[in-house]
file input.csv (CSV, C-alpha atoms)
chain,number,residue,atom,x,y,z
G,455,MET,CA,0.0,0.0,0.0
G,456,THR,CA,1.6,3.3,-1.0
G,457,GLY,CA,1.6,6.4,1.2
G,458,ASP,CA,-0.7,8.3,-1.2
G,459,VAL,CA,-3.4,5.6,-1.0
G,460,LEU,CA,-3.0,5.2,2.7
G,461,THR,CA,-3.6,8.9,3.3
G,462,ASP,CA,-6.0,9.8,0.5
G,463,TRP,CA,-8.8,10.4,3.1
G,464,ILE,CA,-6.9,13.4,4.5
G,465,ARG,CA,-7.7,16.8,3.0
G,466,PRO,CA,-5.5,17.6,0.0
G,467,GLU,CA,-4.3,21.0,1.4
G,468,ILE,CA,-3.1,19.2,4.6
G,469,ARG,CA,-1.2,16.6,2.6
G,470,ALA,CA,0.4,19.3,0.5
G,471,ALA,CA,1.5,21.3,3.5
G,472,SER,CA,4.7,21.0,5.5
G,473,PRO,CA,4.6,20.6,9.3
G,474,TYR,CA,5.8,23.4,11.5
G,475,SER,CA,8.9,21.7,12.8
G,476,VAL,CA,10.8,22.7,15.9
G,477,GLU,CA,14.3,21.3,15.6
G,478,ALA,CA,16.1,19.9,18.6
G,479,VAL,CA,18.4,22.4,20.2
G,480,PRO,CA,22.1,21.2,20.4
G,481,GLU,CA,23.4,21.0,23.9
G,482,GLY,CA,25.0,24.2,25.0
G,483,ALA,CA,23.6,26.2,22.0
G,484,LEU,CA,22.7,29.9,22.5
G,485,ARG,CA,19.1,30.1,21.4
G,486,LEU,CA,18.2,33.5,20.0
G,487,ASP,CA,15.6,32.2,17.6
G,488,ALA,CA,12.5,31.6,19.7
G,489,MET,CA,11.7,35.0,21.4
G,490,GLU,CA,12.0,33.4,24.8
G,491,SER,CA,13.0,35.4,27.8
G,492,PRO,CA,16.7,34.9,28.8
G,493,PHE,CA,15.7,35.1,32.5
G,494,ASP,CA,14.1,32.3,34.6
G,495,LEU,CA,12.0,33.1,37.6
G,496,PRO,CA,13.8,33.2,41.0
G,497,PRO,CA,14.4,30.1,43.1
G,498,ASP,CA,11.6,31.1,45.5
G,499,PHE,CA,9.1,30.7,42.7
G,500,HIS,CA,10.4,27.2,41.9
G,501,ARG,CA,10.2,26.2,45.5
G,502,LYS,CA,6.6,27.4,45.9
G,503,MET,CA,5.7,25.8,42.6
G,504,GLY,CA,7.1,22.5,43.9
G,505,GLU,CA,4.9,22.8,46.9
G,506,GLU,CA,1.9,23.5,44.7
G,507,MET,CA,2.6,20.6,42.4
G,508,ALA,CA,3.1,18.2,45.3
G,509,GLY,CA,-0.5,18.8,46.4
G,510,ILE,CA,-2.2,18.4,43.0
G,511,PRO,CA,-4.5,15.4,42.6
G,512,LEU,CA,-3.4,14.1,39.3
G,513,ASN,CA,-6.3,11.6,39.1
G,514,ARG,CA,-8.8,14.5,38.8
G,515,TYR,CA,-9.7,16.7,35.9
G,516,PRO,CA,-8.8,20.4,36.2
G,517,ASP,CA,-11.3,23.2,36.5
G,518,GLY,CA,-12.8,23.2,33.0
G,519,SER,CA,-13.5,26.9,33.0
G,520,ALA,CA,-10.3,27.9,34.9
G,521,SER,CA,-12.5,30.3,36.8
G,522,GLU,CA,-10.0,31.3,39.5
G,523,LEU,CA,-7.2,32.0,37.0
G,524,LYS,CA,-9.6,33.8,34.7
G,525,GLU,CA,-10.7,36.2,37.4
G,526,LEU,CA,-7.2,36.8,38.5
G,527,LEU,CA,-6.0,37.5,35.0
G,528,GLY,CA,-8.9,39.9,34.4
G,529,LYS,CA,-8.0,41.9,37.5
G,530,THR,CA,-4.2,42.0,37.2
G,531,LEU,CA,-3.6,42.2,33.4
G,532,PHE,CA,-6.7,43.6,31.8
G,533,GLY,CA,-9.0,45.3,34.3
G,534,LEU,CA,-11.8,43.3,32.9
G,535,PRO,CA,-14.4,40.9,34.5
G,536,PRO,CA,-13.8,37.2,33.8
G,537,ASP,CA,-16.6,36.9,31.2
G,538,HIS,CA,-14.6,39.1,28.9
G,539,LEU,CA,-11.7,36.5,28.8
G,540,PHE,CA,-11.2,33.3,26.8
G,541,LEU,CA,-8.2,31.1,27.7
G,542,GLY,CA,-6.3,28.7,25.6
G,543,ASN,CA,-3.4,26.3,25.6
G,544,GLY,CA,-1.1,29.0,24.2
G,545,SER,CA,-2.2,31.7,21.7
G,546,ASP,CA,-2.1,29.1,18.9
G,547,GLU,CA,-5.1,27.2,20.3
G,548,ILE,CA,-7.1,30.4,20.6
G,549,LEU,CA,-6.3,31.2,17.0
G,550,GLN,CA,-7.3,27.8,15.9
G,551,ASN,CA,-10.6,28.1,17.8
G,552,LEU,CA,-11.2,31.5,16.2
G,553,PHE,CA,-10.5,30.3,12.7
G,554,LEU,CA,-12.7,27.2,13.2
G,555,ALA,CA,-15.5,29.5,14.2
G,556,THR,CA,-15.0,31.8,11.2
G,557,PRO,CA,-17.0,31.2,8.0
G,558,GLY,CA,-15.0,33.2,5.5
G,559,PRO,CA,-11.5,34.2,4.5
G,560,ILE,CA,-8.9,35.5,7.0
G,561,LEU,CA,-7.1,38.7,6.0
G,562,LEU,CA,-3.5,39.2,7.0
G,563,SER,CA,-1.1,42.1,6.7
G,564,GLU,CA,2.2,40.6,5.6
G,565,PRO,CA,4.9,40.0,6.5
G,566,THR,CA,3.6,38.7,9.8
G,567,PHE,CA,3.6,35.7,12.2
G,568,SER,CA,3.8,32.5,10.0
G,569,MET,CA,1.4,30.5,12.3
G,570,TYR,CA,-1.6,32.6,11.2
G,571,ARG,CA,-1.4,31.2,7.7
G,572,ILE,CA,-0.6,27.7,9.0
G,573,ILE,CA,-3.5,27.6,11.4
G,574,ALA,CA,-5.9,29.0,8.8
G,575,LYS,CA,-5.0,26.2,6.5
G,576,ILE,CA,-5.5,23.6,9.2
G,577,ALA,CA,-9.0,25.1,9.9
G,578,GLY,CA,-9.8,25.1,6.2
G,579,ARG,CA,-10.0,28.9,6.0
G,580,PRO,CA,-8.8,30.7,2.8
G,581,VAL,CA,-6.2,33.5,3.4
G,582,ALA,CA,-6.1,36.9,1.7
G,583,THR,CA,-3.2,39.3,2.2
G,584,ALA,CA,-2.3,42.9,2.1
G,585,THR,CA,1.3,43.9,1.8
G,586,GLN,CA,2.8,46.4,4.3
G,587,SER,CA,4.5,49.6,3.4
G,588,GLU,CA,8.2,49.5,2.4
G,589,ASP,CA,9.2,50.7,5.9
G,590,LEU,CA,7.3,47.7,7.3
G,591,THR,CA,4.5,49.7,8.8
G,592,LEU,CA,0.8,48.9,8.3
G,593,GLY,CA,-0.5,50.2,5.0
G,594,THR,CA,-4.0,51.1,6.3
G,595,GLU,CA,-5.6,52.0,3.0
G,596,VAL,CA,-4.1,49.0,1.3
G,597,LEU,CA,-5.5,46.8,4.0
G,598,ILE,CA,-9.0,48.4,3.8
G,599,GLU,CA,-9.0,48.0,0.0
G,600,ALA,CA,-8.1,44.3,0.4
G,601,ALA,CA,-11.0,44.0,2.9
G,602,ARG,CA,-13.4,45.5,0.4
G,603,GLU,CA,-12.1,43.1,-2.3
G,604,HIS,CA,-11.9,39.8,-0.4
G,605,ARG,CA,-14.7,40.4,2.2
G,606,PRO,CA,-13.0,38.5,5.0
G,607,SER,CA,-14.9,37.6,8.2
G,608,LEU,CA,-11.8,38.3,10.3
G,609,ILE,CA,-8.7,40.5,10.0
G,610,VAL,CA,-5.7,39.4,12.0
G,611,LEU,CA,-3.0,42.0,12.9
G,612,SER,CA,0.0,41.9,15.2
G,613,SER,CA,1.4,44.8,17.3
G,614,PRO,CA,4.3,44.8,17.8
G,615,ASN,CA,4.5,42.7,14.7
G,616,ASN,CA,6.5,39.5,14.4
G,617,PRO,CA,9.0,39.5,12.7
G,618,THR,CA,9.3,43.2,12.1
G,619,GLY,CA,9.0,44.5,15.7
G,620,ARG,CA,6.8,47.4,14.5
G,621,GLU,CA,3.8,48.8,16.3
G,622,ILE,CA,0.4,49.7,14.8
G,623,GLU,CA,-0.9,53.2,15.5
G,624,GLU,CA,-4.2,53.4,17.3
G,625,GLU,CA,-5.6,55.7,14.6
G,626,ALA,CA,-5.0,53.0,12.0
G,627,VAL,CA,-6.9,50.3,14.0
G,628,ASP,CA,-9.6,52.7,14.8
G,629,GLN,CA,-10.1,53.6,11.1
G,630,LEU,CA,-10.1,49.9,10.1
G,631,CYS,CA,-12.7,49.0,12.7
G,632,ARG,CA,-14.9,51.9,11.5
G,633,GLU,CA,-14.7,50.9,7.9
G,634,PHE,CA,-14.7,47.1,8.2
G,635,SER,CA,-17.9,45.3,9.1
G,636,GLY,CA,-16.2,42.0,10.2
G,637,ALA,CA,-14.1,41.2,13.3
G,638,VAL,CA,-10.6,42.4,14.0
G,639,LEU,CA,-8.1,40.5,16.1
G,640,LEU,CA,-5.1,42.4,17.4
G,641,ASP,CA,-2.3,40.1,18.6
G,642,GLU,CA,-0.4,41.9,21.4
G,643,ALA,CA,1.9,39.0,22.3
G,644,TYR,CA,4.8,41.5,22.6
G,645,PHE,CA,2.8,44.2,24.4
G,646,PRO,CA,4.9,43.9,27.6
G,647,PHE,CA,8.0,45.2,25.8
G,648,SER,CA,6.2,48.1,24.1
G,649,GLY,CA,3.9,49.1,27.0
G,650,ARG,CA,1.3,50.2,24.5
G,651,THR,CA,-2.1,48.4,24.2
G,652,LEU,CA,-5.2,49.2,22.2
G,653,LEU,CA,-7.4,47.5,24.7
G,654,SER,CA,-9.4,50.7,25.3
G,655,LEU,CA,-10.6,50.7,21.6
G,656,ARG,CA,-12.9,47.8,22.5
G,657,ARG,CA,-15.3,50.2,24.1
G,658,ARG,CA,-15.9,51.8,20.7
G,659,HIS,CA,-15.5,48.7,18.6
G,660,PRO,CA,-17.0,45.6,20.3
G,661,ARG,CA,-15.8,43.4,17.4
G,662,LEU,CA,-12.2,44.2,18.2
G,663,MET,CA,-10.5,41.4,20.1
G,664,ILE,CA,-7.1,41.6,21.9
G,665,LEU,CA,-4.9,38.5,22.1
G,666,ARG,CA,-2.1,38.2,24.8
G,667,THR,CA,0.2,35.5,26.1
G,668,LEU,CA,2.5,35.0,29.1
G,669,SER,CA,5.1,33.2,27.0
G,670,LYS,CA,7.2,36.2,26.0
G,671,MET,CA,7.4,37.6,29.5
G,672,GLY,CA,9.1,34.5,30.7
G,673,LEU,CA,6.5,31.7,31.0
G,674,ALA,CA,6.9,30.0,27.6
G,675,ALA,CA,6.7,26.6,29.2
G,676,LEU,CA,3.2,27.2,30.6
G,677,ARG,CA,1.4,27.6,27.3
G,678,LEU,CA,-1.2,30.1,28.3
G,679,GLY,CA,-3.0,32.4,25.8
G,680,ILE,CA,-5.6,35.0,26.8
G,681,LEU,CA,-8.2,36.6,24.5
G,682,ALA,CA,-10.0,39.7,25.7
G,683,ALA,CA,-13.3,40.0,23.8
G,684,ASP,CA,-16.9,41.0,24.1
G,685,PRO,CA,-18.7,38.4,26.4
G,686,ARG,CA,-21.0,37.6,23.5
G,687,ILE,CA,-18.0,36.6,21.4
G,688,VAL,CA,-16.5,34.7,24.3
G,689,ALA,CA,-19.7,32.7,24.7
G,690,GLU,CA,-19.6,31.6,21.1
G,691,LEU,CA,-16.0,30.6,21.3
G,692,GLU,CA,-16.7,28.5,24.3
G,693,LYS,CA,-18.7,26.2,22.0
G,694,VAL,CA,-15.6,25.5,20.0
G,695,ARG,CA,-13.1,25.1,22.9
G,696,LEU,CA,-12.4,21.5,23.9
G,697,PRO,CA,-13.1,20.5,27.5
G,698,TYR,CA,-10.3,20.8,30.0
G,699,ASN,CA,-8.0,22.5,27.5
G,700,LEU,CA,-6.0,24.2,30.2
G,701,ASN,CA,-4.3,21.7,32.4
G,702,LEU,CA,-4.1,22.1,36.2
G,703,LEU,CA,-0.3,22.6,36.3
G,704,THR,CA,-0.6,25.6,34.0
G,705,GLN,CA,-3.5,27.0,36.0
G,706,ARG,CA,-1.7,26.7,39.3
G,707,ALA,CA,1.6,28.1,38.0
G,708,ALA,CA,0.0,31.0,36.3
G,709,THR,CA,-2.1,31.8,39.4
G,710,LEU,CA,1.0,31.8,41.6
G,711,VAL,CA,2.8,34.1,39.1
G,712,CYS,CA,-0.1,36.6,39.0
G,713,ARG,CA,-0.5,36.6,42.8
G,714,GLU,CA,3.1,36.9,43.9
G,715,PHE,CA,5.6,37.2,41.0
G,716,LEU,CA,4.2,39.5,38.4
G,717,PRO,CA,6.6,42.4,39.6
G,718,VAL,CA,9.5,40.0,39.0
G,719,LEU,CA,8.4,39.4,35.4
G,720,GLU,CA,7.8,43.1,34.8
G,721,ALA,CA,11.3,44.0,36.1
G,722,GLN,CA,12.8,41.4,33.7
G,723,VAL,CA,10.8,42.9,30.8
G,724,ARG,CA,12.3,46.3,31.6
G,725,SER,CA,15.8,44.8,31.6
G,726,ILE,CA,15.2,43.2,28.2
G,727,VAL,CA,14.1,46.5,26.7
G,728,VAL,CA,17.4,48.1,27.9
G,729,LEU,CA,19.3,45.2,26.5
G,730,ARG,CA,17.5,45.5,23.2
G,731,GLU,CA,18.6,49.1,22.8
G,732,ASP,CA,22.1,48.2,23.8
G,733,LEU,CA,22.3,45.4,21.2
G,734,ARG,CA,20.8,47.7,18.6
G,735,ARG,CA,23.6,50.3,19.2
G,736,SER,CA,26.2,47.5,19.1
G,737,LEU,CA,24.9,46.1,15.8
G,738,SER,CA,24.7,49.6,14.3
G,739,SER,CA,28.5,49.8,14.6
G,740,LEU,CA,29.0,46.8,12.4
G,741,PRO,CA,29.6,47.5,8.7
G,742,GLY,CA,26.8,46.1,6.5
G,743,VAL,CA,24.4,45.6,9.4
G,744,GLU,CA,21.2,47.5,9.8
G,745,PRO,CA,19.2,46.7,13.0
G,746,LEU,CA,15.6,48.0,12.4
G,747,PRO,CA,13.6,49.8,15.2
G,748,SER,CA,11.8,47.3,17.4
G,749,SER,CA,9.2,47.5,20.2
G,750,ALA,CA,9.4,43.8,21.0
G,751,ASN,CA,12.0,41.4,22.6
G,752,PHE,CA,13.8,40.8,19.3
G,753,LEU,CA,15.5,42.7,16.5
G,754,LEU,CA,15.1,42.4,12.8
G,755,ILE,CA,18.5,43.0,11.2
G,756,ARG,CA,19.2,43.5,7.6
G,757,ILE,CA,22.5,42.2,6.3
G,758,GLU,CA,24.2,43.8,3.3
G,759,GLY,CA,26.5,41.9,0.9
G,760,LYS,CA,26.0,38.5,2.6
G,761,ASP,CA,23.5,35.7,2.2
G,762,PRO,CA,21.6,35.7,5.5
G,763,ALA,CA,21.2,31.9,5.2
G,764,GLU,CA,25.0,31.6,5.2
G,765,VAL,CA,25.3,34.0,8.1
G,766,ALA,CA,22.7,32.0,10.1
G,767,ARG,CA,24.6,28.8,9.3
G,768,GLY,CA,27.9,30.4,10.4
G,769,LEU,CA,26.3,31.5,13.6
G,770,ALA,CA,24.9,28.0,14.2
G,771,GLU,CA,28.4,26.5,13.7
G,772,ARG,CA,29.4,28.7,16.5
G,773,GLY,CA,26.5,27.5,18.7
G,774,ILE,CA,24.3,30.5,18.2
G,775,LEU,CA,20.8,30.0,16.8
G,776,VAL,CA,18.9,32.9,15.0
G,777,ARG,CA,16.0,32.9,12.6
G,778,ASP,CA,16.6,33.4,8.9
G,779,VAL,CA,13.4,35.2,7.7
G,780,SER,CA,14.8,36.4,4.4
G,781,ARG,CA,12.6,34.1,2.3
G,782,GLN,CA,9.4,34.6,4.2
G,783,HIS,CA,8.4,37.7,2.2
G,784,PRO,CA,10.1,40.1,-0.3
G,785,LEU,CA,10.1,42.9,2.2
G,786,LEU,CA,12.3,40.7,4.5
G,787,ALA,CA,15.0,40.1,1.9
G,788,GLY,CA,18.4,40.0,3.6
G,789,CYS,CA,16.9,39.8,7.1
G,790,LEU,CA,17.6,37.8,10.2
G,791,ARG,CA,15.6,37.9,13.4
G,792,VAL,CA,17.4,37.7,16.7
G,793,THR,CA,15.9,37.4,20.2
G,794,ILE,CA,17.3,39.6,22.9
G,795,GLY,CA,19.5,37.6,25.3
G,796,THR,CA,21.5,38.6,28.4
G,797,ALA,CA,24.3,41.1,28.1
G,798,GLN,CA,26.8,38.3,27.8
G,799,GLU,CA,24.8,36.4,25.2
G,800,ASN,CA,24.3,39.5,23.1
G,801,GLU,CA,28.0,40.3,23.3
G,802,ARG,CA,28.7,36.7,22.2
G,803,PHE,CA,26.3,37.0,19.3
G,804,THR,CA,27.7,40.4,18.2
G,805,GLY,CA,31.3,39.2,18.3
G,806,ALA,CA,30.5,36.1,16.3
G,807,LEU,CA,28.5,38.1,13.7
G,808,ALA,CA,31.4,40.5,13.3
G,809,LEU,CA,33.8,37.6,12.6
G,810,ILE,CA,31.5,36.1,10.0
G,811,LEU,CA,31.0,39.3,8.2
G,812,LYS,CA,34.8,39.7,8.0
G,813,GLY,CA,35.0,36.2,6.6
G,814,ILE,CA,37.0,34.9,9.5
G,815,PRO,CA,36.4,31.1,10.1

call {"tool": "encode", "arguments": {"input": "input.csv", "output": "structure tokens"}}
result
Amino acid sequence: MTGDVLTDWIRPEIRAASPYSVEAVPEGALRLDAMESPFDLPPDFHRKMGEEMAGIPLNRYPDGSASELKELLGKTLFGLPPDHLFLGNGSDEILQNLFLATPGPILLSEPTFSMYRIIAKIAGRPVATATQSEDLTLGTEVLIEAAREHRPSLIVLSSPNNPTGREIEEEAVDQLCREFSGAVLLDEAYFPFSGRTLLSLRRRHPRLMILRTLSKMGLAALRLGILAADPRIVAELEKVRLPYNLNLLTQRAATLVCREFLPVLEAQVRSIVVLREDLRRSLSSLPGVEPLPSSANFLLIRIEGKDPAEVARGLAERGILVRDVSRQHPLLAGCLRVTIGTAQENERFTGALALILKGIP
């Protein structure tokens, strides 16, 4: 029996797709490719988490509505009642639930987060795109024109955007919500590093939804995504959500963080912002390297005169992993994306990059 015959019952677009693969990280490698925080939480958190875990009844299902955590997140992060929040096993699950509940095309402003397109394909949703401006900012009029042409049911935007690090102005989102009759999702995964949210726009535009995560702040292992939306939207999405999607370990750990350790994460975020600007200045001094402005925990850097794929390979040979995004979109030609590390890690990266650009093995 051939592979084609064996899997011919699977949708053709799934069989034609490539999986999103996460490669194993070599031991000792410096990982600057995944937008993780370089800082762990303090030992006191791990001690208290150990005590929490020791008391968890593993033979019982978790709270299916995560009611305690939802109320705490609403108070500490959003200033919203719990019925305005929808929780998922990471932002990706929330995106999948949204796309499954959406009847028509999804409209993206590209270049942007690659998982939007991947999840849309999994959910069987067609994708339409509008290209950003040459300076990698949102082309509002182009986006509105694309919405008129493709009539999407949902527009997905990211601010700060991945992989560009650029923010979207409030006026642009306000105009889009006024002129577009469908729903708008604004992914604010990197909001902690910019400090700017458009959450208040929801008062004027109830179809605007705000997506957040705790991953970038330093809790990537927990897989917790949070959607702030009108309670009527949340009620519909609850029909799509699978039961017990948020495990008890995540619920307890996130609850502990919100109650006792949120100031630690916020202090770490402030340190990363300082490190980002330090790294940007260091990279600006390297000939042929242009670090673009960023409001996130990463930098998009444009390399002149070198194939970015070769540069990324050279860094990997030195045990430093970055993301080559140069082939994701024409506007990203020549670009690498690098996550902000500690001061020592950033120095190691900058030194290795300087040697590669000089052609030193």

call {"tool": "residues_near_point", "arguments": {"input": "input.csv", "point": "(-1.0, 35.2, 43.0)", "cutoff": "12 Å", "atoms": "only C-alpha atoms", "output": "ChimeraX atom specification"}}
result
/G:499,502-503,522-523,525-527,529-530,705-717

call {"tool": "residues_around", "arguments": {"input": "input.csv", "residues": "G:Arg620", "least_positions_apart": "2", "cutoff": "12 Å", "atoms": "all atoms listed in the file", "output": "MDAnalysis selection string"}}
result
chainID G and resid 565:566 586:587 589:592 611:618 622:623 642 644:645 647:648 650 746:754

call {"tool": "residues_around", "arguments": {"input": "input.csv", "residues": "G:Leu719", "least_positions_apart": "5", "cutoff": "9 Å", "atoms": "all atoms listed in the file", "output": "list in words"}}
result
Phe493, Leu495, Met671, Gly672, Val711 and Arg724 of chain G

call {"tool": "write_last_selection", "arguments": {"input": "input.csv", "atoms": "C-alpha atoms", "output": "CSV table (one decimal), keeping the file's coordinate frame"}}
result
chain,number,residue,atom,x,y,z
G,493,PHE,CA,15.7,35.1,32.5
G,495,LEU,CA,12.0,33.1,37.6
G,671,MET,CA,7.4,37.6,29.5
G,672,GLY,CA,9.1,34.5,30.7
G,711,VAL,CA,2.8,34.1,39.1
G,724,ARG,CA,12.3,46.3,31.6

call {"tool": "closest_residue", "arguments": {"input": "input.csv", "among": "G:Ile680, G:Val638, G:Val459, G:Leu484", "to": "G:Gln798", "atoms": "all atoms listed in the file"}}
result
G:Leu484

call {"tool": "closest_residue", "arguments": {"input": "input.csv", "among": "G:Leu562, G:Leu785, G:Leu807, G:Val792", "to": "G:Arg485", "atoms": "all atoms listed in the file"}}
result
G:Val792

call {"tool": "residues_around", "arguments": {"input": "input.csv", "residues": "G:Ala808", "least_positions_apart": "5", "cutoff": "12 Å", "atoms": "all atoms listed in the file", "output": "compact mmCIF listing (two decimals) with C-alpha atoms, keeping the file's coordinate frame"}}
result
# COMPACT_ATOMS: atom_id res chain seq x y z
CA SER G 736 26.20 47.50 19.10
CA LEU G 737 24.90 46.10 15.80
CA SER G 738 24.70 49.60 14.30
CA SER G 739 28.50 49.80 14.60
CA LEU G 740 29.00 46.80 12.40
CA PRO G 741 29.60 47.50 8.70
CA GLY G 742 26.80 46.10 6.50
CA VAL G 743 24.40 45.60 9.40
CA ILE G 757 22.50 42.20 6.30
CA VAL G 765 25.30 34.00 8.10
CA GLY G 768 27.90 30.40 10.40
CA LEU G 769 26.30 31.50 13.60
CA GLU G 801 28.00 40.30 23.30
CA ARG G 802 28.70 36.70 22.20
CA PHE G 803 26.30 37.00 19.30
CA GLY G 813 35.00 36.20 6.60
CA ILE G 814 37.00 34.90 9.50
CA PRO G 815 36.40 31.10 10.10

call {"tool": "atom_distance", "arguments": {"input": "input.csv", "atom1": "atom CA of G:Val596", "atom2": "atom CA of G:Asp684"}}
result
27.3 Å

call {"tool": "residues_around", "arguments": {"input": "input.csv", "residues": "G:Ser669", "least_positions_apart": "2", "cutoff": "9 Å", "atoms": "all atoms listed in the file", "output": "list in words"}}
result
Met489, Glu490, Ser491, Gly544, Ala643, Thr667, Met671, Gly672, Leu673, Ala674, Ala675, Leu676, Arg677, Leu678 and Gly679 of chain G

call {"tool": "atom_distance", "arguments": {"input": "input.csv", "atom1": "atom CA of G:Arg756", "atom2": "atom CA of G:Ile572"}}
result
25.4 Å

call {"tool": "decode", "arguments": {"input": "input.csv", "residues": "stretch 731-791 of chain G", "atoms": "C-alpha atoms", "output": "mmCIF file, in the first residue's frame"}}
result
data_model
loop_
_atom_site.group_PDB
_atom_site.id
_atom_site.type_symbol
_atom_site.label_atom_id
_atom_site.label_comp_id
_atom_site.auth_asym_id
_atom_site.auth_seq_id
_atom_site.Cartn_x
_atom_site.Cartn_y
_atom_site.Cartn_z
ATOM 1 C CA GLU G 731 18.572 49.067 22.751
ATOM 2 C CA ASP G 732 22.149 48.231 23.821
ATOM 3 C CA LEU G 733 22.259 45.437 21.247
ATOM 4 C CA ARG G 734 20.818 47.683 18.571
ATOM 5 C CA ARG G 735 23.567 50.252 19.170
ATOM 6 C CA SER G 736 26.249 47.546 19.060
ATOM 7 C CA LEU G 737 24.929 46.105 15.808
ATOM 8 C CA SER G 738 24.711 49.573 14.254
ATOM 9 C CA SER G 739 28.484 49.833 14.583
ATOM 10 C CA LEU G 740 29.046 46.761 12.385
ATOM 11 C CA PRO G 741 29.565 47.540 8.676
ATOM 12 C CA GLY G 742 26.776 46.137 6.512
ATOM 13 C CA VAL G 743 24.376 45.557 9.409
ATOM 14 C CA GLU G 744 21.157 47.532 9.824
ATOM 15 C CA PRO G 745 19.165 46.744 12.985
ATOM 16 C CA LEU G 746 15.625 48.014 12.424
ATOM 17 C CA PRO G 747 13.609 49.759 15.162
ATOM 18 C CA SER G 748 11.762 47.300 17.397
ATOM 19 C CA SER G 749 9.217 47.501 20.214
ATOM 20 C CA ALA G 750 9.441 43.777 20.989
ATOM 21 C CA ASN G 751 11.990 41.426 22.576
ATOM 22 C CA PHE G 752 13.791 40.831 19.295
ATOM 23 C CA LEU G 753 15.475 42.746 16.496
ATOM 24 C CA LEU G 754 15.068 42.400 12.762
ATOM 25 C CA ILE G 755 18.478 43.010 11.226
ATOM 26 C CA ARG G 756 19.214 43.516 7.555
ATOM 27 C CA ILE G 757 22.547 42.155 6.284
ATOM 28 C CA GLU G 758 24.157 43.810 3.263
ATOM 29 C CA GLY G 759 26.483 41.917 0.934
ATOM 30 C CA LYS G 760 26.024 38.508 2.581
ATOM 31 C CA ASP G 761 23.506 35.732 2.159
ATOM 32 C CA PRO G 762 21.559 35.730 5.459
ATOM 33 C CA ALA G 763 21.177 31.949 5.228
ATOM 34 C CA GLU G 764 24.976 31.619 5.174
ATOM 35 C CA VAL G 765 25.283 34.032 8.075
ATOM 36 C CA ALA G 766 22.727 32.021 10.071
ATOM 37 C CA ARG G 767 24.646 28.814 9.295
ATOM 38 C CA GLY G 768 27.886 30.430 10.362
ATOM 39 C CA LEU G 769 26.322 31.468 13.646
ATOM 40 C CA ALA G 770 24.888 27.968 14.160
ATOM 41 C CA GLU G 771 28.363 26.498 13.654
ATOM 42 C CA ARG G 772 29.434 28.737 16.533
ATOM 43 C CA GLY G 773 26.541 27.467 18.657
ATOM 44 C CA ILE G 774 24.295 30.515 18.179
ATOM 45 C CA LEU G 775 20.793 30.034 16.753
ATOM 46 C CA VAL G 776 18.945 32.905 15.042
ATOM 47 C CA ARG G 777 16.007 32.883 12.623
ATOM 48 C CA ASP G 778 16.561 33.430 8.910
ATOM 49 C CA VAL G 779 13.379 35.186 7.736
ATOM 50 C CA SER G 780 14.786 36.434 4.440
ATOM 51 C CA ARG G 781 12.633 34.111 2.325
ATOM 52 C CA GLN G 782 9.358 34.598 4.179
ATOM 53 C CA HIS G 783 8.417 37.735 2.245
ATOM 54 C CA PRO G 784 10.081 40.058 -0.317
ATOM 55 C CA LEU G 785 10.097 42.896 2.234
ATOM 56 C CA LEU G 786 12.265 40.724 4.490
ATOM 57 C CA ALA G 787 14.982 40.078 1.910
ATOM 58 C CA GLY G 788 18.400 40.007 3.557
ATOM 59 C CA CYS G 789 16.946 39.850 7.077
ATOM 60 C CA LEU G 790 17.626 37.812 10.196
ATOM 61 C CA ARG G 791 15.587 37.927 13.387
#
